[in-house]
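K.L.:
Next comes my_file.cif, mmCIF, C-alpha atoms and all ligand atoms:
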```
data_upload
#
loop_
_atom_site.label_atom_id
_atom_site.label_comp_id
_atom_site.auth_asym_id
_atom_site.auth_seq_id
_atom_site.Cartn_x
_atom_site.Cartn_y
_atom_site.Cartn_z
CA MET A 1 124.98 54.56 -10.71
CA PRO A 2 125.26 56.71 -13.87
CA THR A 3 127.00 55.35 -16.93
CA PRO A 4 130.34 57.15 -17.29
CA PRO A 5 129.89 59.28 -20.39
CA VAL A 6 133.39 58.88 -21.80
CA PHE A 7 135.34 55.90 -20.57
CA PRO A 8 134.17 52.56 -19.22
CA ASN A 9 136.64 52.43 -16.31
CA PRO A 10 136.07 55.57 -14.20
CA VAL A 11 139.42 55.60 -12.38
CA PHE A 12 142.05 58.11 -13.48
CA VAL A 13 145.33 57.72 -11.64
CA ALA A 14 147.18 60.95 -10.76
CA LEU A 15 150.85 60.53 -11.69
CA ASP A 16 152.10 63.30 -9.41
CA THR A 17 155.88 63.33 -9.59
CA ALA A 18 158.67 65.44 -11.06
CA ASP A 19 160.57 62.26 -11.96
CA LEU A 20 160.07 61.35 -15.62
CA GLU A 21 161.17 57.74 -15.27
CA GLN A 22 158.91 57.25 -12.26
CA ALA A 23 155.95 58.61 -14.22
CA ARG A 24 156.73 56.33 -17.15
CA ALA A 25 157.04 53.31 -14.87
CA TRP A 26 153.71 54.09 -13.16
CA ALA A 27 152.01 54.62 -16.53
CA ARG A 28 153.31 51.28 -17.85
CA ALA A 29 152.27 49.38 -14.73
CA LEU A 30 148.89 51.06 -14.25
CA ALA A 31 147.58 51.59 -17.79
CA PRO A 32 146.15 48.06 -18.00
CA VAL A 33 144.24 48.54 -14.73
CA VAL A 34 142.87 52.10 -14.78
CA GLY A 35 140.63 54.04 -17.16
CA GLY A 36 143.12 56.84 -17.72
CA VAL A 37 146.11 58.73 -16.42
CA LYS A 38 146.29 62.27 -15.10
CA LEU A 39 149.35 64.45 -15.47
CA GLY A 40 149.31 67.66 -13.46
CA LEU A 41 151.26 70.69 -12.39
CA GLU A 42 154.15 68.94 -10.65
CA PHE A 43 154.96 66.80 -13.68
CA PHE A 44 154.29 69.53 -16.25
CA ALA A 45 156.42 72.09 -14.40
CA ALA A 46 159.34 69.69 -14.59
CA HIS A 47 158.92 68.18 -18.06
CA GLY A 48 156.38 70.17 -20.09
CA ALA A 49 154.81 68.90 -23.29
CA THR A 50 157.80 66.71 -24.16
CA GLY A 51 157.40 64.86 -20.89
CA VAL A 52 153.67 64.43 -21.45
CA ARG A 53 154.38 62.84 -24.83
CA ALA A 54 156.92 60.52 -23.24
CA VAL A 55 154.45 59.28 -20.64
CA ALA A 56 151.07 59.40 -22.35
CA GLY A 57 151.73 59.93 -26.02
CA ALA A 58 151.64 56.33 -27.23
CA GLU A 59 149.06 55.45 -29.85
CA GLY A 60 146.37 53.37 -28.17
CA GLY A 61 147.60 54.42 -24.71
CA PRO A 62 145.21 55.26 -21.89
CA PRO A 63 143.20 58.49 -22.14
CA LEU A 64 145.04 61.51 -20.73
CA PHE A 65 143.55 64.00 -18.28
CA LEU A 66 145.82 67.04 -18.54
CA ASP A 67 145.28 68.79 -15.22
CA LEU A 68 146.87 72.22 -15.53
CA LYS A 69 143.98 74.11 -13.88
CA PHE A 70 144.22 77.12 -16.18
CA HIS A 71 143.13 80.33 -14.44
CA ASP A 72 144.01 83.65 -16.12
CA ILE A 73 142.46 86.27 -18.40
CA PRO A 74 140.43 84.80 -21.29
CA ASN A 75 143.05 85.54 -23.97
CA THR A 76 145.82 83.83 -22.01
CA VAL A 77 143.76 80.77 -21.13
CA ALA A 78 142.60 80.41 -24.74
CA GLY A 79 146.24 80.48 -25.83
CA ALA A 80 147.20 77.86 -23.25
CA VAL A 81 144.36 75.58 -24.34
CA ARG A 82 145.47 75.95 -27.97
CA ALA A 83 149.06 75.24 -26.97
CA VAL A 84 148.24 71.89 -25.36
CA ALA A 85 145.85 70.77 -28.12
CA PRO A 86 148.57 68.84 -30.04
CA LEU A 87 148.91 66.58 -26.99
CA ALA A 88 145.35 65.39 -27.77
CA PRO A 89 144.28 65.13 -24.12
CA ALA A 90 140.93 63.49 -23.45
CA ILE A 91 140.21 65.93 -20.61
CA VAL A 92 141.53 69.43 -19.85
CA ASN A 93 140.60 71.56 -16.85
CA VAL A 94 140.37 75.23 -15.98
CA HIS A 95 139.34 77.01 -12.78
CA ALA A 96 135.67 78.01 -12.80
CA ALA A 97 136.62 80.98 -10.62
CA GLY A 98 138.22 82.47 -13.75
CA GLY A 99 134.70 83.35 -14.81
CA ARG A 100 132.31 82.71 -17.64
CA ALA A 101 134.17 84.63 -20.35
CA MET A 102 137.39 82.79 -19.55
CA MET A 103 135.69 79.40 -19.71
CA ALA A 104 133.89 80.26 -22.98
CA ALA A 105 137.21 81.37 -24.48
CA ALA A 106 138.75 78.06 -23.43
CA ARG A 107 135.87 76.16 -24.99
CA ASP A 108 136.16 78.05 -28.29
CA ALA A 109 139.93 77.61 -28.38
CA ALA A 110 139.69 73.88 -27.71
CA THR A 111 137.13 73.38 -30.48
CA GLU A 112 139.00 75.52 -33.00
CA ALA A 113 142.37 73.87 -32.28
CA ALA A 114 140.95 70.35 -32.47
CA ASP A 115 139.29 71.14 -35.82
CA ARG A 116 142.56 72.52 -37.16
CA LEU A 117 144.51 69.47 -35.97
CA GLY A 118 141.88 66.94 -36.98
CA VAL A 119 141.65 65.49 -33.47
CA THR A 120 138.71 64.96 -31.12
CA PRO A 121 138.27 68.03 -28.90
CA PRO A 122 138.99 67.36 -25.23
CA LYS A 123 136.28 67.28 -22.64
CA LEU A 124 136.69 70.62 -20.93
CA ILE A 125 135.87 70.72 -17.23
CA ALA A 126 136.10 73.35 -14.50
CA VAL A 127 137.47 73.01 -10.99
CA THR A 128 134.85 74.31 -8.56
CA VAL A 129 136.13 74.34 -4.95
CA LEU A 130 139.36 72.41 -4.40
CA THR A 131 138.88 69.21 -2.42
CA SER A 132 141.58 70.36 0.01
CA LEU A 133 139.33 73.19 1.24
CA ASP A 134 136.55 73.06 3.81
CA ALA A 135 134.02 75.71 4.76
CA ALA A 136 136.42 77.45 7.14
CA ASP A 137 139.11 77.66 4.44
CA LEU A 138 136.60 79.01 1.95
CA THR A 139 135.55 81.72 4.38
CA THR A 140 139.16 82.88 4.66
CA THR A 141 139.16 83.42 0.87
CA GLY A 142 136.16 85.74 1.18
CA VAL A 143 133.46 83.19 0.35
CA PRO A 144 131.35 82.58 3.45
CA GLY A 145 128.60 79.97 3.55
CA ALA A 146 128.27 76.32 2.66
CA VAL A 147 130.87 74.80 0.35
CA ALA A 148 128.14 73.08 -1.65
CA ASP A 149 126.50 76.43 -2.44
CA GLN A 150 129.72 77.79 -3.95
CA VAL A 151 130.31 74.54 -5.84
CA ARG A 152 126.79 74.72 -7.32
CA ARG A 153 127.24 78.38 -8.34
CA LEU A 154 130.54 77.64 -10.09
CA ALA A 155 129.22 74.47 -11.72
CA ALA A 156 126.22 76.33 -13.16
CA LEU A 157 128.59 78.97 -14.53
CA ALA A 158 130.77 76.31 -16.13
CA VAL A 159 127.87 74.64 -17.87
CA ALA A 160 126.48 78.01 -19.00
CA ALA A 161 129.89 78.70 -20.56
CA GLY A 162 129.61 75.49 -22.60
CA LEU A 163 131.87 73.23 -20.57
CA ASP A 164 131.35 69.48 -20.32
CA GLY A 165 131.36 69.25 -16.55
CA VAL A 166 133.27 70.00 -13.39
CA VAL A 167 135.77 68.80 -10.84
CA CYS A 168 134.12 68.63 -7.43
CA SER A 169 134.42 66.62 -4.26
CA PRO A 170 132.31 63.49 -3.81
CA HIS A 171 130.35 65.44 -1.19
CA GLU A 172 128.76 67.54 -3.92
CA ALA A 173 128.36 64.81 -6.54
CA ALA A 174 124.73 63.98 -5.76
CA VAL A 175 123.48 67.56 -5.77
CA LEU A 176 125.42 68.36 -8.95
CA ARG A 177 124.12 65.25 -10.69
CA ALA A 178 120.61 66.49 -9.89
CA ASP A 179 121.47 70.05 -11.01
CA LEU A 180 123.33 69.23 -14.21
CA GLY A 181 121.67 66.05 -15.47
CA PRO A 182 122.99 62.69 -16.58
CA ASP A 183 125.50 63.79 -19.21
CA ALA A 184 127.69 66.17 -17.22
CA LEU A 185 131.16 64.97 -16.31
CA LEU A 186 131.54 64.97 -12.54
CA VAL A 187 135.17 64.26 -11.84
CA THR A 188 135.93 63.70 -8.17
CA PRO A 189 139.35 63.72 -6.59
CA GLY A 190 139.30 63.55 -2.80
CA VAL A 191 138.50 59.86 -2.92
CA ARG A 192 140.13 57.59 -0.40
CA PRO A 193 139.69 53.85 0.00
CA ALA A 194 139.11 52.96 3.65
CA TRP A 195 142.68 51.58 3.79
CA ALA A 196 144.37 54.80 2.61
CA ALA A 197 145.54 57.96 4.41
CA THR A 198 143.53 61.15 3.83
CA GLY A 199 146.58 63.43 3.60
CA ASP A 200 145.73 67.03 2.64
CA GLN A 201 142.29 66.17 1.22
CA LYS A 202 139.39 67.44 3.35
CA ARG A 203 136.13 66.63 1.50
CA VAL A 204 136.59 62.89 1.11
CA THR A 205 134.61 59.68 0.55
CA THR A 206 135.53 56.20 -0.59
CA PRO A 207 135.62 55.56 -4.35
CA ALA A 208 132.45 53.45 -4.20
CA GLU A 209 130.59 56.19 -2.30
CA ALA A 210 131.71 58.80 -4.85
CA LEU A 211 130.45 56.69 -7.73
CA ALA A 212 127.16 55.93 -5.98
CA ALA A 213 126.69 59.66 -5.37
CA GLY A 214 126.88 60.35 -9.11
CA ALA A 215 130.54 60.89 -9.99
CA SER A 216 131.38 59.90 -13.56
CA HIS A 217 135.14 59.75 -13.00
CA LEU A 218 137.34 59.33 -9.96
CA VAL A 219 140.85 60.72 -9.58
CA VAL A 220 143.06 58.67 -7.28
CA GLY A 221 146.72 59.48 -6.74
CA ARG A 222 148.71 58.66 -3.62
CA PRO A 223 146.61 55.69 -2.45
CA ILE A 224 147.81 54.00 -5.65
CA THR A 225 151.18 55.56 -6.47
CA GLN A 226 152.54 55.51 -2.92
CA ALA A 227 151.46 51.92 -2.25
CA ASP A 228 154.14 49.24 -2.02
CA ASP A 229 152.62 47.67 -5.13
CA PRO A 230 150.81 50.40 -7.15
CA ALA A 231 149.28 47.99 -9.66
CA ALA A 232 147.85 45.85 -6.85
CA ALA A 233 146.46 48.96 -5.14
CA ALA A 234 144.84 50.08 -8.39
CA ARG A 235 143.31 46.64 -8.89
CA ARG A 236 141.94 46.84 -5.35
CA VAL A 237 140.34 50.25 -6.00
CA VAL A 238 138.72 49.00 -9.21
CA ALA A 239 137.58 45.76 -7.56
CA ASP A 240 136.03 47.72 -4.67
CA LEU A 241 133.98 49.65 -7.23
CA ALA A 242 132.64 46.49 -8.80
CA THR A 243 131.15 45.46 -5.47
O1 LIG L 301 141.75 69.02 -10.69
C1 LIG L 301 142.16 68.09 -9.99
O2 LIG L 301 142.52 67.04 -10.50
C2 LIG L 301 142.08 68.23 -8.53
C3 LIG L 301 141.11 69.10 -8.05
C4 LIG L 301 140.80 69.13 -6.68
O3 LIG L 301 139.90 69.85 -6.23
N1 LIG L 301 141.50 68.31 -5.85
C5 LIG L 301 142.51 67.50 -6.28
O4 LIG L 301 143.07 66.77 -5.47
N2 LIG L 301 142.85 67.49 -7.63
C6 LIG L 301 143.98 66.66 -8.09
O5 LIG L 301 143.68 65.29 -7.85
C7 LIG L 301 144.84 64.57 -7.42
C8 LIG L 301 144.53 63.92 -6.09
O6 LIG L 301 145.63 63.17 -5.69
P1 LIG L 301 145.63 62.32 -4.34
O7 LIG L 301 145.20 63.23 -3.24
O8 LIG L 301 147.06 61.89 -4.21
O9 LIG L 301 144.68 61.18 -4.55
C9 LIG L 301 145.98 65.57 -7.38
O10 LIG L 301 146.72 65.43 -8.60
C10 LIG L 301 145.31 66.94 -7.36
O11 LIG L 301 146.06 67.92 -8.03
#
```
Have the structure of the file written as C-alpha cells, please.
Ligand SMILES: O=C(O)c1cc(=O)[nH]c(=O)n1[C@@H]1O[C@H](COP(=O)(O)O)[C@@H](O)[C@H]1O
P.N.:
Amino acid sequence: MPTPPVFPNPVFVALDTADLEQARAWARALAPVVGGVKLGLEFFAAHGATGVRAVAGAEGGPPLFLDLKFHDIPNTVAGAVRAVAPLAPAIVNVHAAGGRAMMAAARDAATEAADRLGVTPPKLIAVTVLTSLDAADLTTTGVPGAVADQVRRLAALAVAAGLDGVVCSPHEAAVLRADLGPDALLVTPGVRPAWAATGDQKRVTTPAEALAAGASHLVVGRPITQADDPAAAARRVVADLAT
C-alpha cells in the first residue's frame, strides 16, 4: 500500500448537500474521524465561497478538497482557480478533458495566486473518466474502447501539464500507479463498503480494495452522510481500511 503523499488518513468525506446547516453539522461530526472534507458543486452552487468558509474555513480544520471540476477555456479556468485561492483548499480539481493548455493554465494560476497570498498552493488534480460512466456510456460520448485506455491517456496529459495527480475509479488505480509512479495523487471516488448501496456509481470497489490497488485518497459520500449515524459509518470505513 503506498504512503498517502499528503494526509495520513486517506478518507475524504463528500458533503453533498445544498443545506448549509447540514453541511456544518456533518463537518463537525466527521472532522475528527476522516482525513478531509470535500465540498462540491451542489454545495457551492447554493452557498459559494461564503458557505465554504462557514463549513471548512476554521483554522486547524480538516483539509478541504474543493471539487468544482473546472472545465472551460484556459483563461476562464485560470481565473476560477485564482478566485478560489483565498479559500486555501488543499486539493482543487479540473477536468482533464479540458486539455493540456487548460490544465497548465490552472497550474500556473494556482501557483501564482498562492505566492501572492502567502499560502501553500493546492494539489491540483484532473478528473479522468467519471466513476458514473462505464464503457458503453463512454462510447456514446464518442470515445470507443476500454475505459482504462481513456483514463490512462487523460492521466498522462494531466501529469504532462504539471498536475499533481488525477481522480479515477479504483478500477484504474493499479495501472495508473504503475504509469505515474509513487508520488502521484490517485483520488478515487466510486468506493463502496460492502454494506453500502452503489447508487449511480458504476466503476466501484470497496475502500480497502481501492487503497490496495494504489489509491492515495478515497472519496466517500453517501455511505457516510446518508447513514443513520454518519460518524459511526465513517469510523467503520476507516476501521475497515486498517484491516
Ligand atoms: O471529482 C470527484 O470528486 C468525483 C469524480 C468522479 O469521477 N466521481 C465522483 O463520484 N466524484 C465525486 O465524489 C463524490 C462521490 O459521492 P458518493 O457517490 O456519494 O460516495 C461525489 O461528490 C462526486 O461528485
K.L.:
Name the residues, by chain letter and number, that sit within 8 Å of ligand LIG 301 (chain L) using all atoms listed in the file, and give them as a PyMOL selection string.
P.N.:
chain A and resi 13-16+38-41+67-69+93+127-132+167-169+187-192+198-201+219-225
K.L.:
When distances are computed from only C-alpha atoms, which of A:Asp115, A:Glu42, A:Glu209, A:Glu21 shows the smallest separation from Ala85 in chain A?
P.N.:
A:Asp115
K.L.:
Could you please determine the separation between CA of Phe12 in chain A and CA of Ala212 in chain A in Å, to one decimal place?
P.N.:
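That distance, rounded to one decimal, is 16.8 Å.
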K.L.:
Quick one: distance from CA of Ala109 in chain A to CA of Phe65 in chain A in Å, one decimal?
P.N.:
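Distance between the two atoms: 17.3 Å.
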K.L.:
Under the rule that only C-alpha atoms are counted, which of A:Gly35, A:Pro122, A:Pro207, A:Gly181 is the nearest residue to Val84 in chain A?
P.N.:
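Closest residue, counting only C-alpha atoms: A:Pro122.
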K.L.:
Using only C-alpha atoms, which of the listed residues (A:Asp134, A:Pro144, A:Pro10, A:Ala78) sits closest to Glu112 in chain A?
P.N.:
A:Ala78
K.L.:
Considering only C-alpha atoms, state which residue in the set A:Ala29, A:Ile125, A:Ala18, A:Ala83 is at the smallest distance from Leu157 in chain A.
P.N.:
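Residue with the minimum atom-to-atom distance to Leu157 in chain A: A:Ile125.
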K.L.:
Please identify all polymer residues within 9 Å of Asp19 in chain A, counting all atoms listed in the file, omitting same-chain residues fewer than 2 positions from it, and present them as a PyMOL selection string.
P.N.:
chain A and resi 16-17+21-24+43+46-47
K.L.:
Could you work out how far CA of Ala90 in chain A lies from CA of Leu64 in chain A, giving the answer in Å with one decimal?
P.N.:
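CA of Leu64 in chain A sits 5.3 Å away from CA of Ala90 in chain A.
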K.L.:
With all atoms listed in the file as the atoms that count, which of A:Asn75, A:Pro86, A:Val119, A:Ala158 lies nearest to Gly99 in chain A?
P.N.:
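Selected residue with least distance to Gly99 in chain A: A:Ala158.
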K.L.:
Between A:Ala31, A:Leu20, A:Ala97, A:Val81, which has the minimum distance to Ala54 in chain A (counting all atoms listed in the file)?
P.N.:
A:Leu20
